[in-house]
Each structure stands twice: as C-alpha cells, then as structure tokens.
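Engineer: Before I ask anything, here is the structure I am working with.
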Amino acid sequence: MKRRNSRPPSQIDAARQVALGALAFLAGDPERIGPFLAESGLSPADLRGVAGAAAFHVALLDYLINRQDLLIAHAGEAEIDPGHVVAAREILFHADIGED
C-alpha cells in the first residue's frame with residue numbers, strides 16, 4: 001500500500017527544481033551527460049519524455065550523489081550545499097511513494 005507524502009507542495013517543487021538543475025548541469029557538457037545516458041540506457045531523445053517523472057528525478061539525483069566529483073561541481077555551480085541534493089532526492093523519493 002502506498003503512503004501519502006506529508007511534505008508541503010513547496011518542498012516538493014523545490015526538490016524538483018534541484019533535480020532539473022542537476023539535469024541542466026549534466027546536459028551542459030557531453031562528457032557529463034554521456035556517461036549518465038549510457039548508465040541509464042536513455043537516449044538524448046528520451047530525456048524530454050522522462051524529465052518530468054519523479055522516478056527519473058530520483059534516479060538522476062542518485063547518479064549525481066554517487067559521483068562525488070559531479071555532486072561537488074554541480075553544487076558549486078548552482079551555489080547550493082551538496083546536502084540539498086541529497087535532501088531533494090529523499091523528498092522526491094517519498095513524494096513518488098505517495099503518488100497514486
């Protein structure tokens with residue numbers, strides 16, 4: 001049975017923005033996006049169709065979190081604490097559980 005998410009919509013929206021920022025960061029450099037696409041099995045054309053899906057956001061943030069060099073580079077470029085990426089991943093993971 002799925003749980004309802006108790007987070008306010010504004011937190012979920014902020015977490016989605018973190019994920020979309022991470023996607024923009026990866027997509028901004030072929031050397032960053034290429035390995036992500038290879039690992040995920042997605043093509044560049046697939047990105048448009050999945051970019052709004054919570055499960056994709058979680059997977060994208062997992063990828064970034066598991067590559068500390070990319071996480072630190074993204075956080076620096078986005079001027080955010082790397083912990084915000086981890087927190088956004090958790091928020092989106094639990095939001096996805098609560099979706100019907």
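For the structure tokens, the naming scheme is as follows: chains receive sequential letters (A, B, ...) according to their order of presentation, residues are indexed from 1 within each chain, and ligands are indexed from 1 in presentation order.
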Within 9 Å of A:Ser40, counting only C-alpha atoms, which residues show up once you throw out same-chain ones fewer than 5 positions away? Write them as an MDAnalysis selection string, please.

Structural biologist: chainID A and resid 35 59:60

Engineer: Can you pull out the residues contacting stretch 80-89 of chain A? Cut-off 12 Å, using only C-alpha atoms, and skip same-chain residues under 6 positions away; I want them as a ChimeraX atom specification.

Structural biologist: /A:7,10-23,54-74,95-96

Engineer: Can you tell me, as a PyMOL selection string, what residues are no more than 12 Å from A:Leu47 when counting only C-alpha atoms, ignoring any on the same chain fewer than 2 positions away?

Structural biologist: chain A and resi 20+23-24+26-27+33+36-37+40-45+49-53+56-57+60

Engineer: Can I get the selected residues back with all heavy atoms, as a compact mmCIF listing (two decimals), in the first residue's frame?

Structural biologist:
```
# COMPACT_ATOMS: atom_id res chain seq x y z
N LEU A 20 15.94 19.29 -11.71
CA LEU A 20 16.03 19.88 -13.04
C LEU A 20 17.33 20.66 -13.22
O LEU A 20 17.92 20.66 -14.30
CB LEU A 20 14.81 20.77 -13.31
CG LEU A 20 13.50 20.00 -13.45
CD1 LEU A 20 12.32 20.97 -13.56
CD2 LEU A 20 13.53 19.04 -14.63
N LEU A 23 19.90 18.10 -13.96
CA LEU A 23 19.79 17.67 -15.36
C LEU A 23 20.44 18.70 -16.27
O LEU A 23 21.19 18.34 -17.18
CB LEU A 23 18.32 17.45 -15.74
CG LEU A 23 18.06 17.06 -17.19
CD1 LEU A 23 18.82 15.78 -17.57
CD2 LEU A 23 16.57 16.90 -17.44
N ALA A 24 20.17 19.97 -16.04
CA ALA A 24 20.78 21.02 -16.85
C ALA A 24 22.30 20.99 -16.72
O ALA A 24 23.02 21.18 -17.71
CB ALA A 24 20.22 22.38 -16.45
N LEU A 26 24.22 18.36 -16.02
CA LEU A 26 24.73 17.22 -16.79
C LEU A 26 24.62 17.46 -18.29
O LEU A 26 25.56 17.19 -19.04
CB LEU A 26 23.99 15.94 -16.42
CG LEU A 26 24.24 15.39 -15.01
CD1 LEU A 26 23.38 14.15 -14.78
CD2 LEU A 26 25.70 15.09 -14.77
N ALA A 27 23.48 17.98 -18.72
CA ALA A 27 23.25 18.19 -20.15
C ALA A 27 24.14 19.28 -20.74
O ALA A 27 24.34 19.32 -21.95
CB ALA A 27 21.78 18.53 -20.40
N ILE A 33 26.95 14.28 -19.53
CA ILE A 33 25.67 13.64 -19.86
C ILE A 33 25.88 12.27 -20.50
O ILE A 33 25.07 11.36 -20.29
CB ILE A 33 24.77 14.54 -20.74
CG1 ILE A 33 23.33 14.05 -20.76
CG2 ILE A 33 25.32 14.68 -22.14
CD1 ILE A 33 22.57 14.18 -19.49
N PHE A 36 25.95 9.38 -18.03
CA PHE A 36 24.63 9.22 -17.42
C PHE A 36 23.69 8.51 -18.38
O PHE A 36 22.97 7.58 -18.00
CB PHE A 36 24.05 10.58 -17.02
CG PHE A 36 22.62 10.49 -16.60
CD1 PHE A 36 22.27 9.90 -15.39
CD2 PHE A 36 21.60 10.96 -17.42
CE1 PHE A 36 20.93 9.78 -15.00
CE2 PHE A 36 20.27 10.85 -17.04
CZ PHE A 36 19.94 10.26 -15.83
N LEU A 37 23.69 8.93 -19.64
CA LEU A 37 22.82 8.28 -20.62
C LEU A 37 23.20 6.82 -20.81
O LEU A 37 22.33 5.95 -20.88
CB LEU A 37 22.87 9.03 -21.95
CG LEU A 37 22.27 10.44 -21.95
CD1 LEU A 37 22.54 11.14 -23.28
CD2 LEU A 37 20.79 10.40 -21.64
N SER A 40 22.03 4.87 -17.73
CA SER A 40 20.58 4.80 -17.59
C SER A 40 19.91 4.06 -18.74
O SER A 40 18.76 3.62 -18.62
CB SER A 40 19.98 6.21 -17.49
OG SER A 40 20.14 6.90 -18.73
N GLY A 41 20.61 3.94 -19.87
CA GLY A 41 20.02 3.31 -21.04
C GLY A 41 19.12 4.24 -21.83
O GLY A 41 18.44 3.82 -22.77
N LEU A 42 19.12 5.51 -21.47
CA LEU A 42 18.30 6.51 -22.17
C LEU A 42 19.08 7.10 -23.34
O LEU A 42 20.31 7.14 -23.33
CB LEU A 42 17.91 7.64 -21.22
CG LEU A 42 17.02 7.27 -20.04
CD1 LEU A 42 16.93 8.44 -19.07
CD2 LEU A 42 15.64 6.86 -20.52
N SER A 43 18.34 7.58 -24.32
CA SER A 43 18.94 8.34 -25.41
C SER A 43 18.63 9.81 -25.15
O SER A 43 17.73 10.13 -24.38
CB SER A 43 18.36 7.90 -26.75
OG SER A 43 17.03 8.38 -26.88
N PRO A 44 19.34 10.71 -25.81
CA PRO A 44 19.01 12.12 -25.66
C PRO A 44 17.54 12.41 -25.98
O PRO A 44 16.91 13.24 -25.32
CB PRO A 44 19.95 12.83 -26.63
CG PRO A 44 21.13 11.91 -26.72
CD PRO A 44 20.54 10.52 -26.65
N ALA A 45 16.99 11.73 -26.96
CA ALA A 45 15.58 11.93 -27.32
C ALA A 45 14.64 11.49 -26.20
O ALA A 45 13.55 12.03 -26.05
CB ALA A 45 15.25 11.19 -28.61
N GLY A 49 10.85 13.08 -22.66
CA GLY A 49 9.69 12.32 -22.20
C GLY A 49 9.73 11.95 -20.73
O GLY A 49 8.69 11.80 -20.11
N VAL A 50 10.92 11.80 -20.17
CA VAL A 50 11.02 11.37 -18.78
C VAL A 50 11.38 12.50 -17.82
O VAL A 50 11.34 12.31 -16.60
CB VAL A 50 12.04 10.22 -18.61
CG1 VAL A 50 11.62 9.00 -19.41
CG2 VAL A 50 13.44 10.65 -18.95
N ALA A 51 11.73 13.65 -18.33
CA ALA A 51 12.24 14.74 -17.49
C ALA A 51 11.28 15.19 -16.41
O ALA A 51 11.71 15.74 -15.40
CB ALA A 51 12.65 15.92 -18.36
N GLY A 52 9.99 14.95 -16.56
CA GLY A 52 9.03 15.36 -15.55
C GLY A 52 8.67 14.29 -14.55
O GLY A 52 7.94 14.54 -13.60
N ALA A 53 9.19 13.09 -14.71
CA ALA A 53 8.81 11.96 -13.87
C ALA A 53 9.61 11.96 -12.57
O ALA A 53 10.83 12.09 -12.58
CB ALA A 53 9.03 10.65 -14.61
N PHE A 56 12.42 9.46 -12.45
CA PHE A 56 13.59 9.91 -13.19
C PHE A 56 14.40 10.88 -12.35
O PHE A 56 15.63 10.81 -12.30
CB PHE A 56 13.19 10.56 -14.52
CG PHE A 56 14.35 11.20 -15.23
CD1 PHE A 56 15.30 10.42 -15.87
CD2 PHE A 56 14.50 12.57 -15.24
CE1 PHE A 56 16.39 11.01 -16.52
CE2 PHE A 56 15.57 13.17 -15.88
CZ PHE A 56 16.52 12.38 -16.51
N HIS A 57 13.72 11.81 -11.67
CA HIS A 57 14.42 12.78 -10.82
C HIS A 57 15.21 12.06 -9.74
O HIS A 57 16.37 12.41 -9.48
CB HIS A 57 13.43 13.75 -10.19
CG HIS A 57 12.78 14.66 -11.15
ND1 HIS A 57 11.66 15.39 -10.84
CD2 HIS A 57 13.06 14.97 -12.46
CE1 HIS A 57 11.29 16.11 -11.88
NE2 HIS A 57 12.12 15.86 -12.87
N LEU A 60 18.22 10.36 -11.35
CA LEU A 60 19.19 11.38 -11.74
C LEU A 60 19.99 11.85 -10.53
O LEU A 60 21.22 11.95 -10.56
CB LEU A 60 18.46 12.55 -12.40
CG LEU A 60 19.29 13.79 -12.72
CD1 LEU A 60 20.25 13.47 -13.86
CD2 LEU A 60 18.38 14.93 -13.11
```

Engineer: What parts of chain A does DSSP call alpha helix (DSSP H)? I'd like the answer as a PyMOL selection string.

Structural biologist: chain A and resi 9-27+30-40+44-50+54-65+68-78+82-98

Engineer: Just give me the gap between atom CA of A:Gly28 and atom CA of A:Leu92 in Å, one decimal is fine.

Structural biologist: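 Those two atoms sit 22.9 Å apart.
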
Engineer: Record the distance separating atom CA of A:Arg32 and atom CA of A:Glu77, expressed in Å with one decimal.

Structural biologist: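 About the pair atom CA of A:Arg32 and atom CA of A:Glu77: they are 13.9 Å apart.
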